[in-house]
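Q: The structure follows.
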Amino acid sequence: MVLVGIVLLALALHPTRKICRRKHQLYAAWKFLAALICFFIIGYILFLNMVLKAPASTLEMIVSTILFSGAIFVIMVVRLSLSSIRLSEHFAALERHRALHDELTELPNRILAEEQLDHGLQISRRQRKPLAFLLMDLVRFKEINDSFGHFYGDYLLQEVAHRMHKVVRESDTLARFGGDEFALVLPNTSLEQAVMISMKIADSLDEPFMVEGHSLKVAISIGIAMCPDHGTDSETLVQRADIAMYEAKRNDVIYAVFNLEQHRSTFNRLVLIGELRDAIVNNDMFLCYQPKISIRDKALIGVEALVRWQHVERGVVGPDDFISLAEQAGLCKGFTNLVLDKALEQCTRWQQAGYHIPVSVNLSIKNLHDLDFPDDVRILLHKWQVKPEMLLLEITERSIVVDQERVTKVIAELKKMGLQLSIDDFGTGYSSISYLKKFPAREIKIDKSFISNMLQNEDNAVIVKSTIEMVHNIGRKVVAEGVEDEETLQFLTDLGCDIIQGFHLCRPLGDVDLDKWLDSTTWVVAKQQQPAQTGSSAGGKA
């Protein structure tokens, strides 16, 4: 038994040695235990030598049994300890993997990507070789996610990650930065190679994805930043790749390389977005109203609400300078609700003053993709006690041809509420005649780019004439905006245009100035309480 105990103690040395190789808090204690095992082996050998020289007594047999049991105990403790340490290390490795990898795609996450970027930058500086960092964003992924649900959105992200992973090199680090953003660290890569890899990634996504029986095409916007040209630290490279990606998305191209002008422009744009967000919260917007005149009745049939931003430093900022920013920054919901709230409040004031003046409000494409938008409108109508027919929503031609199924749901709900609809900027989109005929719009507004110079441009005159005929043929009214002189007004009258709007008739006015205009205009203004006497009561003005 003593001999077996010696063997067991010797076998215990191997796992003890493995444990000692691991650097941990109890490293010294295990080194001491290894020394004790060696000391035990020497003691066991001496005791065995003593027992073999003379017949074993009862005491020696008892001692041998104890030593044998002790050897079993030692090897069990050592082996179980090694198993426990291995299990702990395994779970620690799993936790580290979870902490550094995206659970959905199994790609490295932002933390690991930035670690790899820092490591790559160190090598790049030491070896004086270039490094490229790519930041990528899927185009219109949110619309797909909202339309099909998060389950299919997650499936699409997995498929995108799989395709991209197949085209990158083993030395590269492809990571999911969050949401629908991906990043790629390309060590020892020139700008030309980074562009080539960007095109390969875009090509890999060119084949449609099958989602719930639908064939979906996913585009990508890629921003490229280079070390050392655009930065030598990870924070700078990530920021500048993000700026380049934003430029790629804004210009609807596959990739963009960072440049300093983009940086200045984007910085100013980000500042303006922040100020715009504050302006919406602080109610720093005000509305101007431009009259819409019926040619046949020579009467005011409504006004279009045009938003202005009262900026502290820039003064009054027009919508062309901030509407697109609101759309890009995801501010459209709050912004549109603010405009609607102010427009309906003014509509109530006019009603209280005895006027019957419907108000037109422009919508963003984002509003038409928001299934909650009809409820927002319903709440505001109830708040100001305005009848739905007093509100006309203007929708651009481009917005009704994007994601028609979703737009149709929102439009149907708005129409069910009794709201009036108008197609704005007609002639700049790609809607078909058959779709326009089915679309429940009361009027179609010809874009002012065709109206403003049609007397000098024969092609525009032909377009306006044919548009008026076509719109009348499908049973809609025609609105011409941008009427700036008497000759244009007379030409539109001869063509049979129904409604006109422009500087020649009246510039956009604030509510106070418009009230003065209502009192002095020669156009017929309908009264709220006495619609039958409107013509005679305003006849003096006419």
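How things are named: the first chain in the structure tokens is A, the next is B, and so on; residues count from 1 in each chain; ligands count from 1 in the order shown.
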Skip A:Val312 itself and residues of its chain fewer than 2 positions away, then list as a list in words all residues within 10 Å of it, counting only C-alpha atoms.

A: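 That gives Glu275, Ala279, Asp284, Trp309, Gln310, Arg314, Gly315 and Val316 of chain A.
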
Q: Once you have the residues from the selection above, write them out as a compact mmCIF listing (two decimals), in the first residue's frame, restricted to C-alpha atoms.

A:
```
# COMPACT_ATOMS: atom_id res chain seq x y z
CA GLU A 275 -29.93 73.71 -32.32
CA ALA A 279 -35.77 74.87 -31.22
CA ASP A 284 -38.82 78.55 -31.49
CA TRP A 309 -37.20 79.04 -37.58
CA GLN A 310 -36.40 82.07 -35.43
CA ARG A 314 -28.93 83.46 -37.96
CA GLY A 315 -32.23 85.29 -37.74
CA VAL A 316 -35.19 83.83 -39.64
```

Q: Report as a ChimeraX atom specification all protein, DNA and RNA residues lying within 8 Å of A:Gly120, evaluated on only C-alpha atoms, omitting residues in the same chain fewer than 2 positions from it.

A: /A:116-118,122-124,131,185,187

Q: So which residues touch stretch 349-366 of chain A within 9 Å, counting only C-alpha atoms, skipping near sequence neighbours fewer than 3 positions away, as an MDAnalysis selection string?

A: chainID A and resid 289 300:306 323 327 330 332:333 336 339:340 343:346 369:370 386 389:396 398:400 402 407 420:422 424 515 525:531

Q: Limited to N, CA and C atoms, could you put the picked residues into a file as a compact mmCIF listing (two decimals), in the first residue's frame?

A:
```txt
# COMPACT_ATOMS: atom_id res chain seq x y z
N TYR A 289 -48.29 82.16 -43.56
CA TYR A 289 -49.41 81.58 -44.32
C TYR A 289 -49.48 82.26 -45.69
N LEU A 300 -60.64 83.28 -51.84
CA LEU A 300 -59.67 82.58 -50.99
C LEU A 300 -60.25 81.23 -50.60
N ILE A 301 -59.56 80.13 -50.95
CA ILE A 301 -60.10 78.81 -50.59
C ILE A 301 -59.26 78.11 -49.51
N GLY A 302 -58.23 78.81 -49.03
CA GLY A 302 -57.39 78.23 -47.98
C GLY A 302 -56.03 78.89 -47.95
N VAL A 303 -55.20 78.46 -47.00
CA VAL A 303 -53.82 78.96 -46.91
C VAL A 303 -52.89 77.79 -46.69
N GLU A 304 -51.65 77.97 -47.14
CA GLU A 304 -50.62 76.95 -46.87
C GLU A 304 -49.76 77.44 -45.72
N ALA A 305 -49.60 76.59 -44.70
CA ALA A 305 -48.75 76.93 -43.56
C ALA A 305 -47.30 76.64 -43.91
N LEU A 306 -46.46 77.65 -43.81
CA LEU A 306 -45.03 77.54 -44.14
C LEU A 306 -44.22 77.86 -42.88
N ILE A 323 -35.33 71.53 -43.20
CA ILE A 323 -36.27 70.39 -43.31
C ILE A 323 -35.53 69.08 -43.53
N GLU A 327 -35.30 65.53 -41.20
CA GLU A 327 -35.54 64.17 -41.69
C GLU A 327 -34.35 63.27 -41.38
N GLY A 330 -34.03 62.36 -37.63
CA GLY A 330 -35.15 61.68 -36.99
C GLY A 330 -36.03 62.60 -36.15
N CYS A 332 -38.57 64.43 -37.48
CA CYS A 332 -39.78 64.75 -38.24
C CYS A 332 -41.06 64.61 -37.41
N LYS A 333 -41.13 63.62 -36.57
CA LYS A 333 -42.37 63.38 -35.81
C LYS A 333 -42.69 64.58 -34.93
N THR A 336 -43.24 67.87 -37.19
CA THR A 336 -44.53 67.93 -37.88
C THR A 336 -45.67 68.16 -36.89
N VAL A 339 -45.78 71.82 -36.03
CA VAL A 339 -46.37 72.62 -37.11
C VAL A 339 -47.88 72.44 -37.14
N LEU A 340 -48.34 71.18 -37.04
CA LEU A 340 -49.77 70.91 -37.04
C LEU A 340 -50.46 71.60 -35.86
N ALA A 343 -50.69 75.30 -36.64
CA ALA A 343 -51.62 75.57 -37.74
C ALA A 343 -53.07 75.40 -37.30
N LEU A 344 -53.35 74.36 -36.52
CA LEU A 344 -54.72 74.12 -36.06
C LEU A 344 -55.14 75.15 -35.02
N GLU A 345 -54.19 75.61 -34.22
CA GLU A 345 -54.49 76.68 -33.26
C GLU A 345 -54.93 77.95 -34.01
N GLN A 346 -54.19 78.28 -35.09
CA GLN A 346 -54.54 79.46 -35.88
C GLN A 346 -55.88 79.27 -36.60
N HIS A 369 -44.57 56.99 -43.22
CA HIS A 369 -44.11 55.66 -42.82
C HIS A 369 -44.36 55.41 -41.33
N ASP A 370 -44.94 56.40 -40.66
CA ASP A 370 -45.21 56.29 -39.22
C ASP A 370 -46.67 55.89 -39.02
N VAL A 386 -61.13 71.30 -34.24
CA VAL A 386 -61.16 71.64 -35.66
C VAL A 386 -61.72 70.45 -36.44
N GLU A 389 -62.13 68.29 -42.21
CA GLU A 389 -62.13 68.84 -43.57
C GLU A 389 -61.45 70.20 -43.65
N MET A 390 -61.16 70.81 -42.48
CA MET A 390 -60.47 72.10 -42.46
C MET A 390 -58.96 71.94 -42.57
N LEU A 391 -58.47 70.70 -42.53
CA LEU A 391 -57.03 70.44 -42.63
C LEU A 391 -56.72 69.68 -43.90
N LEU A 392 -55.82 70.23 -44.71
CA LEU A 392 -55.39 69.59 -45.95
C LEU A 392 -53.91 69.24 -45.81
N LEU A 393 -53.58 67.99 -46.02
CA LEU A 393 -52.20 67.53 -45.89
C LEU A 393 -51.56 67.40 -47.26
N GLU A 394 -50.44 68.08 -47.46
CA GLU A 394 -49.74 68.07 -48.74
C GLU A 394 -48.62 67.03 -48.69
N ILE A 395 -48.65 66.14 -49.68
CA ILE A 395 -47.72 65.02 -49.74
C ILE A 395 -46.95 65.10 -51.05
N THR A 396 -45.63 65.04 -51.01
CA THR A 396 -44.85 65.14 -52.24
C THR A 396 -45.05 63.90 -53.10
N ARG A 398 -42.86 62.26 -54.70
CA ARG A 398 -41.82 61.25 -54.45
C ARG A 398 -42.19 60.35 -53.28
N SER A 399 -42.80 60.92 -52.23
CA SER A 399 -43.06 60.15 -51.02
C SER A 399 -44.12 59.08 -51.21
N ILE A 400 -45.03 59.24 -52.17
CA ILE A 400 -46.10 58.26 -52.32
C ILE A 400 -45.68 57.04 -53.13
N VAL A 402 -42.62 55.53 -52.56
CA VAL A 402 -41.67 54.79 -51.74
C VAL A 402 -42.44 53.98 -50.71
N VAL A 407 -47.32 53.33 -47.01
CA VAL A 407 -47.92 54.65 -47.23
C VAL A 407 -49.43 54.53 -47.39
N GLN A 420 -58.41 66.12 -45.91
CA GLN A 420 -58.20 66.37 -47.33
C GLN A 420 -56.72 66.15 -47.66
N LEU A 421 -56.45 65.62 -48.87
CA LEU A 421 -55.08 65.32 -49.28
C LEU A 421 -54.75 66.02 -50.58
N SER A 422 -53.48 66.41 -50.70
CA SER A 422 -52.99 67.06 -51.91
C SER A 422 -51.64 66.49 -52.28
N ASP A 424 -48.14 67.26 -53.71
CA ASP A 424 -47.31 68.44 -53.89
C ASP A 424 -46.14 68.13 -54.83
N ASP A 515 -54.11 88.63 -41.05
CA ASP A 515 -55.40 89.18 -40.61
C ASP A 515 -55.66 90.54 -41.28
N VAL A 525 -63.55 86.34 -49.40
CA VAL A 525 -63.15 85.57 -48.23
C VAL A 525 -64.40 84.99 -47.59
N ALA A 526 -64.47 83.67 -47.51
CA ALA A 526 -65.67 83.01 -46.97
C ALA A 526 -65.77 83.21 -45.47
N LYS A 527 -67.01 83.38 -45.02
CA LYS A 527 -67.27 83.53 -43.60
C LYS A 527 -67.74 82.20 -43.01
N GLN A 528 -67.35 81.97 -41.77
CA GLN A 528 -67.64 80.69 -41.10
C GLN A 528 -69.12 80.49 -40.85
N GLN A 529 -69.79 81.51 -40.36
CA GLN A 529 -71.17 81.36 -39.92
C GLN A 529 -72.18 81.58 -41.04
N GLN A 530 -71.80 82.31 -42.11
CA GLN A 530 -72.76 82.66 -43.14
C GLN A 530 -72.22 82.36 -44.53
N PRO A 531 -72.02 81.06 -44.84
CA PRO A 531 -71.44 80.70 -46.13
C PRO A 531 -72.27 81.15 -47.30
```

Q: Go through A:Thr173, A:Asn337, A:Asn367, A:Thr348 and flag the residue nearest A:Met285, using only C-alpha atoms for the distances.

A: A:Asn337

Q: Can you list, as JSON, numbers by chain, every protein, DNA or RNA residue that comes within 12 Å of A:Gln158 when you count only C-alpha atoms, leaving out same-chain residues fewer than 3 positions away?

A: {"A": [102, 103, 104, 105, 106, 107, 151, 152, 153, 154, 155, 161, 162, 163, 164, 165, 176, 179, 180, 182, 209]}

Q: Which residues are close to A:Met470, i.e. within 12 Å by only C-alpha atoms, leaving aside same-chain residues fewer than 4 positions away? Reply as number ranges by chain.

A: A: 432-434, 436-437, 444, 446, 463-466, 474-478, 496-497

Q: Report the residues of stretch 217-283 of chain A whose backbone DSSP state falls under strand (DSSP E), written as a PyMOL selection string.

A: chain A and resi 220-227+255-257

Q: Determine, using only C-alpha atoms, which residues of stretch 257-304 of chain A have any atom at most 10 Å from an atom of stretch 222-225 of chain A, and tabulate each with its shortest atom pair and distance in Å to one decimal place, rows ordered by chain and then rising number, as a Markdown table.

A:
```
| residue | atom | partner | partner_atom | distance |
| --- | --- | --- | --- | --- |
| A:Val257 | CA | A:Ile224 | CA | 4.8 |
| A:Phe258 | CA | A:Ala225 | CA | 5.7 |
| A:Asn259 | CA | A:Ala225 | CA | 8.8 |
```

Q: So that I can see what lies close to A:Val253, please list as an mmCIF file with C-alpha atoms, in the first residue's frame the residues with an atom at most 12 Å from it, counting only C-alpha atoms and leaving out residues fewer than 5 positions away in the same chain.

A:
```cif
data_model
loop_
_atom_site.group_PDB
_atom_site.id
_atom_site.type_symbol
_atom_site.label_atom_id
_atom_site.label_comp_id
_atom_site.auth_asym_id
_atom_site.auth_seq_id
_atom_site.Cartn_x
_atom_site.Cartn_y
_atom_site.Cartn_z
ATOM 1 C CA ASP A 137 -24.438 51.379 -42.446
ATOM 2 C CA VAL A 139 -29.555 51.820 -46.194
ATOM 3 C CA SER A 198 -15.633 48.350 -50.103
ATOM 4 C CA MET A 199 -16.805 47.516 -53.611
ATOM 5 C CA ALA A 202 -21.281 46.154 -51.780
ATOM 6 C CA ALA A 219 -27.704 48.742 -50.091
ATOM 7 C CA ILE A 220 -24.821 49.928 -47.925
ATOM 8 C CA SER A 221 -23.087 53.241 -47.220
ATOM 9 C CA ILE A 222 -19.384 53.007 -46.342
ATOM 10 C CA GLY A 223 -17.124 55.648 -44.803
ATOM 11 C CA ALA A 244 -17.396 59.937 -44.440
ATOM 12 C CA MET A 245 -20.189 57.362 -44.080
ATOM 13 C CA TYR A 246 -22.706 60.143 -43.525
ATOM 14 C CA GLU A 247 -21.500 61.823 -46.734
ATOM 15 C CA ALA A 248 -21.853 58.543 -48.646
#
```

Q: Go through A:Thr521, A:Thr16, A:Gln490, A:Asn268 and flag the residue nearest A:Ile295, using only C-alpha atoms for the distances.

A: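 Ranked by minimum distance to A:Ile295, first place goes to A:Gln490.
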
Q: Where does DSSP see alpha helix (DSSP H) in stretch 393-480 of chain A, if you list the residues as an mmCIF file with C-alpha atoms, in the first residue's frame?

A:
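Below is the file that was written, result-v3.cif:
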```cif
data_model
loop_
_atom_site.group_PDB
_atom_site.id
_atom_site.type_symbol
_atom_site.label_atom_id
_atom_site.label_comp_id
_atom_site.auth_asym_id
_atom_site.auth_seq_id
_atom_site.Cartn_x
_atom_site.Cartn_y
_atom_site.Cartn_z
ATOM 1 C CA GLN A 404 -46.396 52.107 -51.242
ATOM 2 C CA GLU A 405 -47.907 49.414 -49.031
ATOM 3 C CA ARG A 406 -46.987 51.238 -45.814
ATOM 4 C CA VAL A 407 -47.923 54.652 -47.234
ATOM 5 C CA THR A 408 -51.299 53.306 -48.352
ATOM 6 C CA LYS A 409 -52.125 52.184 -44.786
ATOM 7 C CA VAL A 410 -51.359 55.613 -43.326
ATOM 8 C CA ILE A 411 -53.170 57.470 -46.137
ATOM 9 C CA ALA A 412 -56.242 55.255 -45.812
ATOM 10 C CA GLU A 413 -56.434 56.006 -42.088
ATOM 11 C CA LEU A 414 -56.077 59.759 -42.683
ATOM 12 C CA LYS A 415 -58.746 59.677 -45.369
ATOM 13 C CA LYS A 416 -61.073 57.686 -43.109
ATOM 14 C CA ILE A 433 -51.178 57.889 -63.952
ATOM 15 C CA SER A 434 -53.019 54.771 -62.787
ATOM 16 C CA TYR A 435 -51.632 55.181 -59.258
ATOM 17 C CA LEU A 436 -52.560 58.879 -59.202
ATOM 18 C CA LYS A 437 -56.099 58.000 -60.265
ATOM 19 C CA LYS A 438 -56.453 55.603 -57.325
ATOM 20 C CA LYS A 448 -43.152 75.753 -59.169
ATOM 21 C CA SER A 449 -40.046 74.929 -61.237
ATOM 22 C CA PHE A 450 -42.387 74.385 -64.195
ATOM 23 C CA ILE A 451 -44.561 77.435 -63.456
ATOM 24 C CA GLU A 458 -41.874 76.271 -74.297
ATOM 25 C CA ASP A 459 -41.204 72.760 -72.969
ATOM 26 C CA ASN A 460 -42.381 73.769 -69.497
ATOM 27 C CA ALA A 461 -45.480 75.403 -70.968
ATOM 28 C CA VAL A 462 -46.327 72.154 -72.780
ATOM 29 C CA ILE A 463 -45.761 70.161 -69.577
ATOM 30 C CA VAL A 464 -48.043 72.483 -67.582
ATOM 31 C CA LYS A 465 -50.771 72.376 -70.226
ATOM 32 C CA SER A 466 -50.716 68.586 -70.550
ATOM 33 C CA THR A 467 -50.614 68.181 -66.753
ATOM 34 C CA ILE A 468 -53.700 70.351 -66.310
ATOM 35 C CA GLU A 469 -55.568 68.333 -68.934
ATOM 36 C CA MET A 470 -54.478 65.022 -67.434
ATOM 37 C CA VAL A 471 -55.403 66.029 -63.864
ATOM 38 C CA HIS A 472 -58.833 67.232 -64.985
ATOM 39 C CA ASN A 473 -59.359 63.962 -66.864
#
```
